[in-house]
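Working notes, structure below.
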Amino acid sequence: MAEIIVTARKREESILDVPVAVTAFPAESIEALGLADLGDIARFTPGFALNSALGRQPASYRPVFRGVTTMRNGVANSNAGNTFVDGVYVGAALLSTDLDQVERVEIMRGPQSAQFGRNTYVGAVNYVTRQPSAQLEGQLRSSVAQHDSFDVSGWVSGPLATPRLRFLVGAGHHEYGGEWTNLRDGSDIGGEESDEVSAKLLFQATESLDITLKLGWQGTDDDHYAMYLQPSTLNNCCFRTADAPRSREYYVGDAVLRDQVNLYTDLLEQHGGAGTELDRRLGSLTLDWELGEYNLTSLTGFIRDDYSQGYDTSQAGYDPSVPRTFTCSTPVPPILPPRGSFLLRERMDYGDFSQELRLSSPANRPLRFTLGAYYYRGEAEVDSRNRIDPCTGLAHAVDRERDEVENRALFGALAWDFAERWTAGLELRWAEDEVTVTSLPVNAAAASYRTTPENITPRFTIDWRPLDSTSYYINVSKGTKPPDFNPRVPDERYRAVDEESAWNYEIGVKAWLPERGLGLALAAYRLDVKNQQVTELLEIPGFGTASIITNAGRTRVWGLEAEASAELAENLTARATYSWTDSEIREWISQEEADLRGSDGSAADNEALGSVAGQDSPRVPRHMASLVLRYQQPLTASMEWYGSADWSYESSRYAAEDNLIETGDRSLVGLRTGLLIGRWDMSFWAKNLFDDDRPVDVLRFFDGRYKTLPSFPQQGARPSSTPRGFAIPLPRGRQVGATVSWRF
């Protein structure tokens, strides 16, 4: 068992020395488990859940770190925890990041704002890519599998002309054909395709200066995501009556999933295509100077994403913009949205630039420090957005928006060995965000909204090492999520969204006994979240309804996380994880909850009936667990056989704060067997062996295909007459395949 090195505190350290809950997946583990993306990695990481409901589009990245998630992505796609590649911030299309060229992936849980800055207020993910090697080496790898899946990738690395100049070049192609057919036109649904090329140069300019340049390109072309709309005909509670004049009906229990997809992909194909396309260019420049015993690091990074997407957001191949009794010949009243408002084709640009300077003292001194400065500029702009009228097939431009973020920060860390085997740490970051949200309407002047919040995010740690192989730690840290705006809402009361913050209180223990093949990490924590940003449907006088981001109040989370690895026998190894998360809403007045419980729309009724205090946070699994067993046996002097089995479990998650409809428990089982013959590795494998079809998520939605709700006297604006439906992403089923790789 090799020692695991991580960079959770911006310097290379043994995972045992880091008083932070971090799980690391080396490249060897990623290959052995056949992990294809970050969603696969989440299955084997305690306290971290990630299930993509809407394909690989930017808004679909909604991770759950320690019972805190993002109900709706905010300004410049901000969420509960962000992703970095070699320390460079990635602002969009996070689910498209590939694993082909990584050396390891680090999942850090709890606030990481002190070290990594914005959008890491309850966690962060850092991809660490391979470094160019001193000797010529490389790998070729190919897989074929069911559902028209095909993958091929490779890399080569070594010296270039001189030992002081090294290179690494890698490329990959990945195809997944999808498993579903669109009932509307017979087209394929849910397929994904990616290509990527990257190159890295390491130049040892002097004995004390290393320069690393990395450039990369990635392109993706994905089908429309596979979605089923659970019909309102299955609703079993909360019906609209004179006693509940605003209720829109609901469903209680596990979601009902059917393998049926009906989407307007044919109309989208006529206007640029259904699904998503991404063209990404990225680069970074790292300079490492050894200034005597000190180290100065400069990290410059940029990412540019050109992104287009076409989606039928009705989720069911109908037009919910107009009443179901209307036909194409019926004029749409001006008080209603125009036809095709849920059939959208848009193009977007995302750009990120960051610069970090960091000075570090020697790691072997009893008093150590790091000082740094950081600058980030990000922009996300919708270049074009068109709705498509299903009656005429024509596209019409609709309102757009632009988000701009400028972040400046100073940070530092101090570690002091104040007694034998005792270390105290203080990390501190001051940051200023300049956030600008601009609405770009079609027939009106642009309107901009700006805020410039400042915050200080600390982390305090105490680490005790009674043995060289064991450490105990206490960690108290704070994270913040930037404020936001609702630019399209005319009522100024709902314009601004406050900053979200979280305090994390954690104790943990780590042990690493390589001679016994044993590794262990345990953590217990409490999180206090204030002003959590959530999505809410509000009725605004003179405007109707609007889906906006608002602040919920407070959430409290208690949790336990555990992971262990061991050599059970001479040729048998095991790895297990478990997490328990109790994420409870403490303050939140929900309009939806008030309506379901019979509010008449008055402020008094909404306040009395709308509290969801004491209920579970939506989209958070209470229990997560995994187990991996691997047996490897020599057959001859040059041949070995291996077999492995893996299991992951995620308990049911509620779709919304009402705690009514839920996903149901989900268990996935995988098997793998193969031969190692010299430099060759040949394996056969199966994923989701028992074809578990529980949905990965449930989205509270609406369904106007069958009826219109009656009207009753009540206060306030007239509530929607469309009953609730629930959008359910179809999960991937069983898949069997084979993989061959060759190392040199």
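Residues in the structure tokens are numbered from 1 in each chain, the chains being A, B, ... in the order shown, and ligands are numbered from 1 in the order shown.
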Determine, counting only C-alpha atoms, which protein, DNA and RNA residues have an atom within 7 Å of an atom of His623 in chain A; residues of the same chain fewer than 3 positions away are not included. Present the result as a PyMOL selection string. chain A and resi 579-581+650-651
For Thr7 in chain A, find every residue with an atom within 10 Å (counting only C-alpha atoms), except residues of its own chain fewer than 4 positions away, and show them as a ChimeraX atom specification. /A:11-15,18,22,86-87,106,126,128
Please produce a file of those selected residues containing C-alpha atoms, as a PDB file, in the first residue's frame.
ATOM      1  CA  ARG A  11       1.496  21.943  -0.920  1.00  0.00           C
ATOM      2  CA  GLU A  12       2.312  18.261  -1.294  1.00  0.00           C
ATOM      3  CA  GLU A  13       1.655  16.429   1.987  1.00  0.00           C
ATOM      4  CA  SER A  14       0.862  12.952   3.168  1.00  0.00           C
ATOM      5  CA  ILE A  15      -2.886  12.570   3.530  1.00  0.00           C
ATOM      6  CA  VAL A  18      -3.765  17.036   6.523  1.00  0.00           C
ATOM      7  CA  VAL A  22     -10.113  14.414   1.960  1.00  0.00           C
ATOM      8  CA  ASP A  86      -4.192  21.501 -11.122  1.00  0.00           C
ATOM      9  CA  GLY A  87      -5.418  24.289  -8.836  1.00  0.00           C
ATOM     10  CA  GLU A 106      -8.976  14.770  -4.516  1.00  0.00           C
ATOM     11  CA  ASN A 126      -9.208  19.010  -7.441  1.00  0.00           C
ATOM     12  CA  VAL A 128      -4.242  16.630 -10.442  1.00  0.00           C
TER      13      VAL A 128
END
Interatomic distance, CA of Thr673 in chain A to CA of Arg104 in chain A (Å, one decimal):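 Separation of CA of Thr673 in chain A and CA of Arg104 in chain A: 23.2 Å.
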Of the listed residues A:Gln260, A:Gln139, A:Thr276, A:Thr206, that which approaches Arg56 in chain A most closely, counting only C-alpha atoms: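 When distances to Arg56 in chain A are compared using only C-alpha atoms, the smallest one comes from A:Thr276.
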Quick one: residues within 9 Å of Tyr228 in chain A, only C-alpha atoms counted, chain neighbours fewer than 4 positions away excluded, as a ChimeraX atom specification? /A:257-262,315-316,726-730
Distance of CA of Gly186 in chain A from CA of Thr327 in chain A, expressed in Å to one decimal place: 24.5 Å
Which neighbours of Arg495 in chain A fall inside 9 Å, counting only C-alpha atoms, when residues of the same chain fewer than 5 positions from it are skipped, and could you give them as a list in words?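 Contacts, with the query itself left out: Tyr449, Asp484, Phe485, Asn486, Pro487, Arg488, Val489 and Pro490 of chain A.
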Env of Gln735 in chain A: 12 Å cut, atoms = only C-alpha atoms, seq-sep filter 3 positions within chain, self excluded. Answer as a PDB file with N, CA and C atoms, in the first residue's frame.
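Dumped everything to out_15.pdb:
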ATOM      1  N   VAL A 144     -14.787  -1.520 -25.242  1.00  0.00           N
ATOM      2  CA  VAL A 144     -16.036  -1.623 -25.992  1.00  0.00           C
ATOM      3  C   VAL A 144     -17.084  -2.175 -25.035  1.00  0.00           C
ATOM      4  N   ALA A 145     -18.347  -1.741 -25.227  1.00  0.00           N
ATOM      5  CA  ALA A 145     -19.397  -2.162 -24.308  1.00  0.00           C
ATOM      6  C   ALA A 145     -20.756  -2.021 -24.972  1.00  0.00           C
ATOM      7  N   GLN A 146     -21.755  -2.525 -24.275  1.00  0.00           N
ATOM      8  CA  GLN A 146     -23.124  -2.399 -24.747  1.00  0.00           C
ATOM      9  C   GLN A 146     -23.525  -0.938 -24.907  1.00  0.00           C
ATOM     10  N   HIS A 147     -24.659  -0.745 -25.576  1.00  0.00           N
ATOM     11  CA  HIS A 147     -25.218   0.585 -25.828  1.00  0.00           C
ATOM     12  C   HIS A 147     -24.278   1.421 -26.699  1.00  0.00           C
ATOM     13  N   ASP A 148     -23.630   0.737 -27.677  1.00  0.00           N
ATOM     14  CA  ASP A 148     -22.769   1.422 -28.651  1.00  0.00           C
ATOM     15  C   ASP A 148     -21.716   2.278 -27.966  1.00  0.00           C
ATOM     16  N   SER A 149     -21.109   1.712 -26.935  1.00  0.00           N
ATOM     17  CA  SER A 149     -20.079   2.435 -26.200  1.00  0.00           C
ATOM     18  C   SER A 149     -18.701   2.033 -26.691  1.00  0.00           C
ATOM     19  N   TYR A 176     -20.822   6.955 -25.902  1.00  0.00           N
ATOM     20  CA  TYR A 176     -21.879   6.194 -25.247  1.00  0.00           C
ATOM     21  C   TYR A 176     -23.148   6.452 -26.048  1.00  0.00           C
ATOM     22  N   GLY A 177     -23.708   5.387 -26.618  1.00  0.00           N
ATOM     23  CA  GLY A 177     -24.789   5.552 -27.578  1.00  0.00           C
ATOM     24  C   GLY A 177     -26.143   5.841 -26.987  1.00  0.00           C
ATOM     25  N   GLY A 178     -26.285   5.748 -25.672  1.00  0.00           N
ATOM     26  CA  GLY A 178     -27.595   5.948 -25.069  1.00  0.00           C
ATOM     27  C   GLY A 178     -28.406   4.661 -25.072  1.00  0.00           C
ATOM     28  N   GLU A 179     -29.468   4.661 -24.276  1.00  0.00           N
ATOM     29  CA  GLU A 179     -30.274   3.448 -24.104  1.00  0.00           C
ATOM     30  C   GLU A 179     -31.751   3.665 -24.380  1.00  0.00           C
ATOM     31  N   LEU A 668     -25.986  -0.147  -6.633  1.00  0.00           N
ATOM     32  CA  LEU A 668     -25.321  -0.535  -7.877  1.00  0.00           C
ATOM     33  C   LEU A 668     -24.239  -1.557  -7.567  1.00  0.00           C
ATOM     34  N   VAL A 669     -24.172  -2.614  -8.384  1.00  0.00           N
ATOM     35  CA  VAL A 669     -23.183  -3.676  -8.217  1.00  0.00           C
ATOM     36  C   VAL A 669     -22.381  -3.803  -9.507  1.00  0.00           C
ATOM     37  N   GLY A 670     -21.073  -3.931  -9.368  1.00  0.00           N
ATOM     38  CA  GLY A 670     -20.202  -4.122 -10.517  1.00  0.00           C
ATOM     39  C   GLY A 670     -19.280  -5.305 -10.316  1.00  0.00           C
ATOM     40  N   LEU A 671     -18.904  -5.947 -11.407  1.00  0.00           N
ATOM     41  CA  LEU A 671     -17.958  -7.066 -11.392  1.00  0.00           C
ATOM     42  C   LEU A 671     -16.885  -6.829 -12.448  1.00  0.00           C
ATOM     43  N   ARG A 672     -15.684  -7.328 -12.187  1.00  0.00           N
ATOM     44  CA  ARG A 672     -14.583  -7.194 -13.139  1.00  0.00           C
ATOM     45  C   ARG A 672     -13.640  -8.376 -12.962  1.00  0.00           C
ATOM     46  N   PHE A 684     -12.790  -8.155 -18.488  1.00  0.00           N
ATOM     47  CA  PHE A 684     -14.214  -8.129 -18.807  1.00  0.00           C
ATOM     48  C   PHE A 684     -14.937  -7.601 -17.572  1.00  0.00           C
ATOM     49  N   TRP A 685     -15.998  -6.825 -17.786  1.00  0.00           N
ATOM     50  CA  TRP A 685     -16.629  -6.176 -16.650  1.00  0.00           C
ATOM     51  C   TRP A 685     -18.118  -5.975 -16.893  1.00  0.00           C
ATOM     52  N   ALA A 686     -18.807  -5.718 -15.787  1.00  0.00           N
ATOM     53  CA  ALA A 686     -20.229  -5.395 -15.829  1.00  0.00           C
ATOM     54  C   ALA A 686     -20.499  -4.281 -14.831  1.00  0.00           C
ATOM     55  N   LYS A 687     -21.278  -3.294 -15.257  1.00  0.00           N
ATOM     56  CA  LYS A 687     -21.719  -2.209 -14.382  1.00  0.00           C
ATOM     57  C   LYS A 687     -23.227  -2.326 -14.151  1.00  0.00           C
ATOM     58  N   ASN A 688     -23.667  -1.941 -12.967  1.00  0.00           N
ATOM     59  CA  ASN A 688     -25.083  -2.029 -12.592  1.00  0.00           C
ATOM     60  C   ASN A 688     -25.613  -3.422 -12.949  1.00  0.00           C
ATOM     61  N   LEU A 689     -24.953  -4.427 -12.409  1.00  0.00           N
ATOM     62  CA  LEU A 689     -25.199  -5.819 -12.777  1.00  0.00           C
ATOM     63  C   LEU A 689     -26.661  -6.214 -12.637  1.00  0.00           C
ATOM     64  N   PHE A 690     -27.326  -5.737 -11.612  1.00  0.00           N
ATOM     65  CA  PHE A 690     -28.716  -6.132 -11.366  1.00  0.00           C
ATOM     66  C   PHE A 690     -29.717  -5.113 -11.923  1.00  0.00           C
ATOM     67  N   ASP A 691     -29.241  -4.223 -12.773  1.00  0.00           N
ATOM     68  CA  ASP A 691     -30.095  -3.316 -13.541  1.00  0.00           C
ATOM     69  C   ASP A 691     -31.015  -2.495 -12.628  1.00  0.00           C
ATOM     70  N   ASP A 692     -30.448  -1.920 -11.572  1.00  0.00           N
ATOM     71  CA  ASP A 692     -31.228  -1.065 -10.675  1.00  0.00           C
ATOM     72  C   ASP A 692     -31.734   0.148 -11.465  1.00  0.00           C
ATOM     73  N   PRO A 731     -32.135   6.583 -15.458  1.00  0.00           N
ATOM     74  CA  PRO A 731     -30.781   6.149 -15.106  1.00  0.00           C
ATOM     75  C   PRO A 731     -30.234   5.153 -16.116  1.00  0.00           C
ATOM     76  N   ARG A 732     -28.923   5.062 -16.184  1.00  0.00           N
ATOM     77  CA  ARG A 732     -28.293   4.057 -17.042  1.00  0.00           C
ATOM     78  C   ARG A 732     -28.512   2.669 -16.452  1.00  0.00           C
ATOM     79  N   ALA A 738     -15.626  -4.844 -22.272  1.00  0.00           N
ATOM     80  CA  ALA A 738     -14.266  -5.362 -22.153  1.00  0.00           C
ATOM     81  C   ALA A 738     -13.281  -4.219 -22.361  1.00  0.00           C
TER      82      ALA A 738
END
Would you pick out the contacts of Leu136 in chain A at 8 Å or less, using only C-alpha atoms, so that residues sharing its chain but fewer than 5 positions from it are not included, and give the list as a ChimeraX atom specification? /A:156-159
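Across A:Glu515, A:Glu103, A:Asp463, A:Asp697, the tightest approach to Ser29 in chain A is made by A:Glu103 when counting only C-alpha atoms.
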Interface rows for range 318-412 of chain A against range 299-305 of chain A: nearest pair, Å to one decimal, 7 Å, only C-alpha atoms, as a tab-separated table:
residue	atom	partner	partner_atom	distance
A:Asp349	CA	A:Asp305	CA	5.8
A:Tyr350	CA	A:Asp305	CA	5.0
A:Gly351	CA	A:Arg304	CA	4.6
A:Asp352	CA	A:Ile303	CA	5.2
A:Phe353	CA	A:Phe302	CA	4.4
A:Ser354	CA	A:Gly301	CA	5.3
A:Gln355	CA	A:Thr300	CA	4.6
A:Glu356	CA	A:Leu299	CA	5.1
A:Leu357	CA	A:Leu299	CA	6.6
Selection above as a file: N, CA and C atoms, as a PDB file, in the first residue's frame:
ATOM      1  N   ASP A 349     -21.215  31.587 -23.930  1.00  0.00           N
ATOM      2  CA  ASP A 349     -19.761  31.665 -23.795  1.00  0.00           C
ATOM      3  C   ASP A 349     -19.412  31.754 -22.316  1.00  0.00           C
ATOM      4  N   TYR A 350     -18.430  30.970 -21.905  1.00  0.00           N
ATOM      5  CA  TYR A 350     -17.910  31.036 -20.544  1.00  0.00           C
ATOM      6  C   TYR A 350     -16.409  31.297 -20.626  1.00  0.00           C
ATOM      7  N   GLY A 351     -15.929  32.201 -19.818  1.00  0.00           N
ATOM      8  CA  GLY A 351     -14.503  32.474 -19.789  1.00  0.00           C
ATOM      9  C   GLY A 351     -13.998  32.631 -18.368  1.00  0.00           C
ATOM     10  N   ASP A 352     -12.874  31.998 -18.067  1.00  0.00           N
ATOM     11  CA  ASP A 352     -12.254  32.101 -16.744  1.00  0.00           C
ATOM     12  C   ASP A 352     -10.783  32.441 -16.910  1.00  0.00           C
ATOM     13  N   PHE A 353     -10.319  33.389 -16.130  1.00  0.00           N
ATOM     14  CA  PHE A 353      -8.889  33.691 -16.044  1.00  0.00           C
ATOM     15  C   PHE A 353      -8.531  33.837 -14.577  1.00  0.00           C
ATOM     16  N   SER A 354      -7.428  33.220 -14.165  1.00  0.00           N
ATOM     17  CA  SER A 354      -7.019  33.314 -12.763  1.00  0.00           C
ATOM     18  C   SER A 354      -5.506  33.423 -12.663  1.00  0.00           C
ATOM     19  N   GLN A 355      -5.070  34.114 -11.631  1.00  0.00           N
ATOM     20  CA  GLN A 355      -3.644  34.277 -11.346  1.00  0.00           C
ATOM     21  C   GLN A 355      -3.430  34.168  -9.847  1.00  0.00           C
ATOM     22  N   GLU A 356      -2.514  33.293  -9.453  1.00  0.00           N
ATOM     23  CA  GLU A 356      -2.196  33.120  -8.041  1.00  0.00           C
ATOM     24  C   GLU A 356      -0.696  33.192  -7.844  1.00  0.00           C
ATOM     25  N   LEU A 357      -0.279  33.900  -6.804  1.00  0.00           N
ATOM     26  CA  LEU A 357       1.113  33.942  -6.354  1.00  0.00           C
ATOM     27  C   LEU A 357       1.159  33.428  -4.928  1.00  0.00           C
TER      28      LEU A 357
END
Of A:His271, A:Arg109, A:Lys10, A:Arg365, the one nearest to Phe65 in chain A when counting only C-alpha atoms is A:Arg109
Would you write out, as a tab-separated table, a table of all residues in range 544-597 of chain A that have an atom no more than 12 Å from an atom of range 604-614 of chain A, listing for each the closest atom pair and the distance in Å to one decimal, considering only C-alpha atoms and ordering rows by chain and rising residue number?
residue	atom	partner	partner_atom	distance
A:Ala552	CA	A:Val612	CA	9.9
A:Gly553	CA	A:Ala613	CA	9.7
A:Arg554	CA	A:Ala613	CA	9.0
A:Thr555	CA	A:Ala613	CA	8.8
A:Arg556	CA	A:Gly614	CA	9.7
A:Val557	CA	A:Gly614	CA	11.6
A:Asp582	CA	A:Gly614	CA	10.9
A:Ser583	CA	A:Gly614	CA	9.5
A:Glu584	CA	A:Gly614	CA	5.8
A:Ile585	CA	A:Ala613	CA	5.1
A:Arg586	CA	A:Ala613	CA	4.6
A:Glu587	CA	A:Ala613	CA	5.3
A:Trp588	CA	A:Ser611	CA	5.7
A:Ile589	CA	A:Ser611	CA	4.5
A:Ser590	CA	A:Gly610	CA	4.9
A:Gln591	CA	A:Gly610	CA	5.8
A:Glu592	CA	A:Gly610	CA	7.3
A:Glu593	CA	A:Gly610	CA	4.9
A:Ala594	CA	A:Gly610	CA	3.9
A:Asp595	CA	A:Gly610	CA	7.6
A:Leu596	CA	A:Gly610	CA	8.7
A:Arg597	CA	A:Leu609	CA	6.3
Deliver the residues from the most recent selection as a file, using C-alpha atoms, as a short mmCIF file (atom, residue, chain, number, x, y, z; two decimals), in the first residue's frame.
data_model
loop_
_atom_site.label_atom_id
_atom_site.label_comp_id
_atom_site.auth_asym_id
_atom_site.auth_seq_id
_atom_site.Cartn_x
_atom_site.Cartn_y
_atom_site.Cartn_z
CA ALA A 552 -34.27 29.92 3.02
CA GLY A 553 -33.07 30.87 6.48
CA ARG A 554 -31.04 28.25 8.37
CA THR A 555 -30.06 24.60 7.96
CA ARG A 556 -28.29 22.38 10.50
CA VAL A 557 -26.31 19.27 9.53
CA ASP A 582 -28.75 14.40 9.07
CA SER A 583 -29.48 17.64 7.19
CA GLU A 584 -32.42 19.42 8.81
CA ILE A 585 -34.08 22.66 7.81
CA ARG A 586 -34.34 24.99 10.82
CA GLU A 587 -35.90 28.09 9.24
CA TRP A 588 -37.73 28.33 5.91
CA ILE A 589 -41.16 29.72 5.05
CA SER A 590 -42.06 28.01 1.78
CA GLN A 591 -44.92 29.30 -0.37
CA GLU A 592 -45.32 25.83 -1.88
CA GLU A 593 -45.68 24.26 1.56
CA ALA A 594 -48.24 26.86 2.59
CA ASP A 595 -50.30 26.21 -0.55
CA LEU A 596 -50.21 22.44 -0.05
CA ARG A 597 -51.45 22.84 3.52
#
